[in-house]
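See below for the structure under consideration.
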Amino acid sequence: MDLTTTYLGIPLPHPFIAGASPLSDDLDTVRRLEDAGAAAITLRSLFVEQLDAEGLATHRAMDSIAGASAEAATYLPDPDDFRLGPDAYLDHLRRVKAHVAIPVIASLNGCRAGGWLDYARKIAAAGADALEVNLYDVVTDPERSSAGVEEEQRKIVASVAQPLDIPVAVKLSPFYTGLPAFARHLQRAGAAGIVLFNRFFEPDLDIEALEVTPGHTPSHSGLLLLRLRWLAILRPTFTGSLAATGGVHTVDDAVKAIMAGADAIQLVTCLLRGGPARLTELRDGLARWLEAHDYDHLSQARGSMDLAHCPHPAAYRRAQYMRLLQTWSGE
């Protein structure tokens, strides 16, 4: 069975990529991921706040009053909380590249303009095969409009992608009013692909201690549904690469993501739970599924259930929502 695909212009033997996670921190584990069949590896993100001198100055200013209250001590992470600093990140990237033969994708995480461009060039020079820009932003300022936020992010992508000679993917959240139009703007700005979707770590409330605490729901197959809708909507009009991340835990999940239009699938939680061997299981299971359903090549399945090709495209729009509400009986 031919499982080959192309992601960000890079030929891959199959669509399963090890997504950004702590697994890429250890060279022995990186080798295990390659041995298990990972088509590529994405390093965990370096935060732009680590590169931005203004951000570091803000941290130093806040650190001087960190003991003033319990809340003040938790606004920003201490520098020691970051797994790798900027220089160490480049060194680790070089070591990973020397350790494996598969493509290595670096990752930058941020939401405002800063020292991206200079460091992105250093990432490319250190040997990264591609760069993933993770646009993680939670907008709380009522003066920042949706159009303004999108234009800021478009400029960030342009400033990073256009001068580089390696492809850039943009990892997005699902919270955009007109995602197809924004995806097109990002591609024009230089993005070679889009990763759907970033998962926010939602805050929780401790109602006894009156504190805001980190909340996190482990990934599960139900999370894939949101990705399927937008993969299917974007696939007919977006000519770059599309990757799914979040919610792929089984072979059936992978088949759905591909049929919706994914060129690649990033795996994180299922690898953290099951280890690198899950890559082999999913790759071989996908090959068996396609063969059992009379496919000769992965490309025959890719996008076969997207908005332009599925039997009932209205299901991706409002029609399914209205039907569900009208037919629900509560029994």
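Identifiers for the structure tokens are assigned positionally: chains receive A, B, ... in sequence, residues are indexed from 1 per chain, and ligands are indexed from 1 in the order shown.
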List as an MDAnalysis selection string the protein and nucleic acid residues near Leu43 of chain A, meaning an atom at most 10 Å away when only C-alpha atoms are counted, but skip any in the same chain fewer than 6 places from it.
chainID A and resid 18:25 30 89 92:93 96 104:108 128 131:132
Keeping N, CA and C atoms, export the residues of the selection given above as a PDB file, in the first residue's frame.
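Result saved to selection.pdb:
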```pdb
ATOM      1  N   ALA A  18       5.343  12.979  14.521  1.00  0.00           N
ATOM      2  CA  ALA A  18       5.380  13.196  15.965  1.00  0.00           C
ATOM      3  C   ALA A  18       5.248  14.690  16.220  1.00  0.00           C
ATOM      4  N   GLY A  19       4.132  15.098  16.847  1.00  0.00           N
ATOM      5  CA  GLY A  19       3.883  16.508  17.089  1.00  0.00           C
ATOM      6  C   GLY A  19       4.730  17.049  18.219  1.00  0.00           C
ATOM      7  N   ALA A  20       4.659  18.363  18.404  1.00  0.00           N
ATOM      8  CA  ALA A  20       5.452  19.037  19.427  1.00  0.00           C
ATOM      9  C   ALA A  20       5.073  18.538  20.814  1.00  0.00           C
ATOM     10  N   SER A  21       6.051  17.995  21.531  1.00  0.00           N
ATOM     11  CA  SER A  21       5.790  17.454  22.863  1.00  0.00           C
ATOM     12  C   SER A  21       7.116  17.225  23.571  1.00  0.00           C
ATOM     13  N   PRO A  22       7.083  16.880  24.854  1.00  0.00           N
ATOM     14  CA  PRO A  22       8.330  16.574  25.573  1.00  0.00           C
ATOM     15  C   PRO A  22       9.102  15.391  25.003  1.00  0.00           C
ATOM     16  N   LEU A  23       8.458  14.567  24.162  1.00  0.00           N
ATOM     17  CA  LEU A  23       9.143  13.410  23.596  1.00  0.00           C
ATOM     18  C   LEU A  23      10.363  13.814  22.768  1.00  0.00           C
ATOM     19  N   SER A  24      10.318  15.018  22.204  1.00  0.00           N
ATOM     20  CA  SER A  24      11.435  15.445  21.359  1.00  0.00           C
ATOM     21  C   SER A  24      12.604  16.008  22.158  1.00  0.00           C
ATOM     22  N   ASP A  25      12.454  16.078  23.487  1.00  0.00           N
ATOM     23  CA  ASP A  25      13.527  16.640  24.314  1.00  0.00           C
ATOM     24  C   ASP A  25      14.697  15.685  24.503  1.00  0.00           C
ATOM     25  N   VAL A  30      13.886  10.452  20.639  1.00  0.00           N
ATOM     26  CA  VAL A  30      13.803  10.891  19.244  1.00  0.00           C
ATOM     27  C   VAL A  30      14.186   9.749  18.311  1.00  0.00           C
ATOM     28  N   TYR A  89      18.104  25.829  22.523  1.00  0.00           N
ATOM     29  CA  TYR A  89      17.157  25.300  21.528  1.00  0.00           C
ATOM     30  C   TYR A  89      17.877  25.028  20.212  1.00  0.00           C
ATOM     31  N   HIS A  92      20.057  22.008  20.589  1.00  0.00           N
ATOM     32  CA  HIS A  92      19.264  20.777  20.589  1.00  0.00           C
ATOM     33  C   HIS A  92      18.790  20.441  19.177  1.00  0.00           C
ATOM     34  N   LEU A  93      18.373  21.446  18.429  1.00  0.00           N
ATOM     35  CA  LEU A  93      17.957  21.229  17.042  1.00  0.00           C
ATOM     36  C   LEU A  93      19.091  20.602  16.239  1.00  0.00           C
ATOM     37  N   VAL A  96      19.481  16.935  17.283  1.00  0.00           N
ATOM     38  CA  VAL A  96      18.411  16.080  16.757  1.00  0.00           C
ATOM     39  C   VAL A  96      18.633  15.826  15.273  1.00  0.00           C
ATOM     40  N   VAL A 104      13.047  17.310  10.465  1.00  0.00           N
ATOM     41  CA  VAL A 104      12.857  17.881  11.792  1.00  0.00           C
ATOM     42  C   VAL A 104      12.248  19.278  11.628  1.00  0.00           C
ATOM     43  N   ILE A 105      11.114  19.490  12.282  1.00  0.00           N
ATOM     44  CA  ILE A 105      10.390  20.753  12.192  1.00  0.00           C
ATOM     45  C   ILE A 105      10.545  21.497  13.517  1.00  0.00           C
ATOM     46  N   ALA A 106      11.096  22.696  13.477  1.00  0.00           N
ATOM     47  CA  ALA A 106      11.206  23.524  14.673  1.00  0.00           C
ATOM     48  C   ALA A 106       9.884  24.251  14.889  1.00  0.00           C
ATOM     49  N   SER A 107       9.718  24.843  16.089  1.00  0.00           N
ATOM     50  CA  SER A 107       8.446  25.498  16.415  1.00  0.00           C
ATOM     51  C   SER A 107       8.685  26.751  17.236  1.00  0.00           C
ATOM     52  N   LEU A 108       8.023  27.840  16.843  1.00  0.00           N
ATOM     53  CA  LEU A 108       8.004  29.084  17.603  1.00  0.00           C
ATOM     54  C   LEU A 108       6.572  29.383  18.015  1.00  0.00           C
ATOM     55  N   ALA A 128      16.939  23.089  10.484  1.00  0.00           N
ATOM     56  CA  ALA A 128      15.528  22.686  10.484  1.00  0.00           C
ATOM     57  C   ALA A 128      15.026  22.516   9.053  1.00  0.00           C
ATOM     58  N   LEU A 131       9.601  25.159   9.660  1.00  0.00           N
ATOM     59  CA  LEU A 131       9.299  25.874  10.896  1.00  0.00           C
ATOM     60  C   LEU A 131       7.793  25.946  11.078  1.00  0.00           C
ATOM     61  N   GLU A 132       7.345  25.631  12.285  1.00  0.00           N
ATOM     62  CA  GLU A 132       5.930  25.766  12.630  1.00  0.00           C
ATOM     63  C   GLU A 132       5.771  26.991  13.523  1.00  0.00           C
TER      64      GLU A 132
END
```
Where does DSSP see helix (DSSP H, G or I) in segment 162-251 of chain A, if you list the residues as a list in words?
Leu179, Pro180, Ala181, Phe182, Ala183, Arg184, His185, Leu186, Gln187, Arg188, Ala189, Ser221, Gly222, Leu223, Leu224, Leu225, Leu226, Arg227, Leu228, Arg229, Trp230, Leu231, Ala232, Ile233, Leu234 and Val251 of chain A
Those residues you just picked out, can you put them in a file as a short mmCIF file (atom, residue, chain, number, x, y, z; two decimals), in the first residue's frame with N, CA and C atoms?
```cif
data_model
loop_
_atom_site.label_atom_id
_atom_site.label_comp_id
_atom_site.auth_asym_id
_atom_site.auth_seq_id
_atom_site.Cartn_x
_atom_site.Cartn_y
_atom_site.Cartn_z
N LEU A 179 -12.48 31.70 8.72
CA LEU A 179 -11.24 30.94 8.64
C LEU A 179 -10.78 30.69 7.20
N PRO A 180 -11.64 30.36 6.25
CA PRO A 180 -11.15 30.15 4.88
C PRO A 180 -10.46 31.39 4.30
N ALA A 181 -11.03 32.56 4.53
CA ALA A 181 -10.40 33.79 4.03
C ALA A 181 -9.07 34.05 4.73
N PHE A 182 -9.03 33.83 6.06
CA PHE A 182 -7.80 34.05 6.80
C PHE A 182 -6.72 33.08 6.34
N ALA A 183 -7.09 31.83 6.10
CA ALA A 183 -6.13 30.85 5.61
C ALA A 183 -5.53 31.30 4.28
N ARG A 184 -6.36 31.84 3.42
CA ARG A 184 -5.87 32.33 2.13
C ARG A 184 -4.91 33.51 2.32
N HIS A 185 -5.23 34.41 3.26
CA HIS A 185 -4.34 35.55 3.54
C HIS A 185 -2.99 35.06 4.06
N LEU A 186 -3.02 34.04 4.92
CA LEU A 186 -1.77 33.49 5.45
C LEU A 186 -0.93 32.86 4.35
N GLN A 187 -1.59 32.18 3.42
CA GLN A 187 -0.84 31.57 2.32
C GLN A 187 -0.19 32.65 1.46
N ARG A 188 -0.91 33.72 1.20
CA ARG A 188 -0.34 34.81 0.42
C ARG A 188 0.81 35.48 1.17
N ALA A 189 0.76 35.41 2.50
CA ALA A 189 1.84 35.99 3.30
C ALA A 189 3.08 35.09 3.34
N SER A 221 -10.76 11.14 21.11
CA SER A 221 -11.23 11.11 19.73
C SER A 221 -12.35 12.12 19.45
N GLY A 222 -13.10 12.48 20.47
CA GLY A 222 -14.17 13.44 20.27
C GLY A 222 -13.67 14.81 19.82
N LEU A 223 -12.42 15.13 20.16
CA LEU A 223 -11.86 16.42 19.74
C LEU A 223 -11.65 16.49 18.23
N LEU A 224 -11.62 15.34 17.58
CA LEU A 224 -11.36 15.32 16.15
C LEU A 224 -12.48 15.98 15.35
N LEU A 225 -13.70 15.98 15.87
CA LEU A 225 -14.86 16.46 15.10
C LEU A 225 -14.68 17.89 14.61
N LEU A 226 -14.19 18.76 15.47
CA LEU A 226 -13.96 20.15 15.06
C LEU A 226 -12.93 20.21 13.95
N ARG A 227 -11.88 19.41 14.04
CA ARG A 227 -10.86 19.38 13.00
C ARG A 227 -11.42 18.88 11.67
N LEU A 228 -12.27 17.87 11.74
CA LEU A 228 -12.84 17.31 10.52
C LEU A 228 -13.64 18.36 9.75
N ARG A 229 -14.45 19.13 10.47
CA ARG A 229 -15.27 20.14 9.79
C ARG A 229 -14.39 21.12 9.03
N TRP A 230 -13.36 21.65 9.69
CA TRP A 230 -12.58 22.71 9.05
C TRP A 230 -11.57 22.17 8.05
N LEU A 231 -11.09 20.97 8.24
CA LEU A 231 -10.29 20.35 7.19
C LEU A 231 -11.13 20.22 5.92
N ALA A 232 -12.36 19.75 6.08
CA ALA A 232 -13.24 19.54 4.93
C ALA A 232 -13.61 20.85 4.25
N ILE A 233 -13.79 21.90 5.03
CA ILE A 233 -14.15 23.20 4.45
C ILE A 233 -12.95 23.84 3.75
N LEU A 234 -11.77 23.72 4.33
CA LEU A 234 -10.59 24.36 3.76
C LEU A 234 -10.03 23.62 2.55
N VAL A 251 -6.99 4.15 14.23
CA VAL A 251 -6.91 4.09 12.77
C VAL A 251 -8.12 4.76 12.14
#
```
Compare A:Asp306, A:Asp284, A:Asp91, A:Glu150 by their minimum atom-to-atom distance to Phe175 of chain A, counting only C-alpha atoms, and give me the closest one.
A:Glu150
All strand (DSSP E) residues (DSSP, backbone) inside segment 58-237 of chain A, as an MDAnalysis selection string
chainID A and resid 104:110 130:135 168:172 193:196 203:206 211:214
Between atom CA of Ala40 of chain A and atom CA of Ile102 of chain A, what is the spacing in Å?
5.5 Å
What separates atom CA of Thr239 of chain A and atom CA of His220 of chain A is a distance of 28.7 Å
Selection near Arg283 of chain A, 8 Å with only C-alpha atoms, sequence-local residues under 4 positions removed, as an NGL selection string
:A and (14 or 16 or 37 or 279 or 287)
Generate a file of the selected residues that holds N, CA and C atoms, formatted as a compact mmCIF listing (two decimals), in the first residue's frame.
```txt
# COMPACT_ATOMS: atom_id res chain seq x y z
N HIS A 14 4.57 8.42 4.85
CA HIS A 14 3.20 8.27 5.34
C HIS A 14 2.84 9.55 6.09
N PHE A 16 1.98 10.26 9.29
CA PHE A 16 2.06 10.37 10.75
C PHE A 16 3.35 11.06 11.21
N GLY A 37 8.91 4.61 13.09
CA GLY A 37 8.35 4.98 11.80
C GLY A 37 7.83 6.38 11.66
N LEU A 279 3.04 4.75 16.71
CA LEU A 279 3.26 5.16 15.33
C LEU A 279 3.20 3.98 14.38
N ALA A 287 -2.65 1.26 6.55
CA ALA A 287 -2.40 0.50 5.31
C ALA A 287 -3.39 -0.64 5.16
```
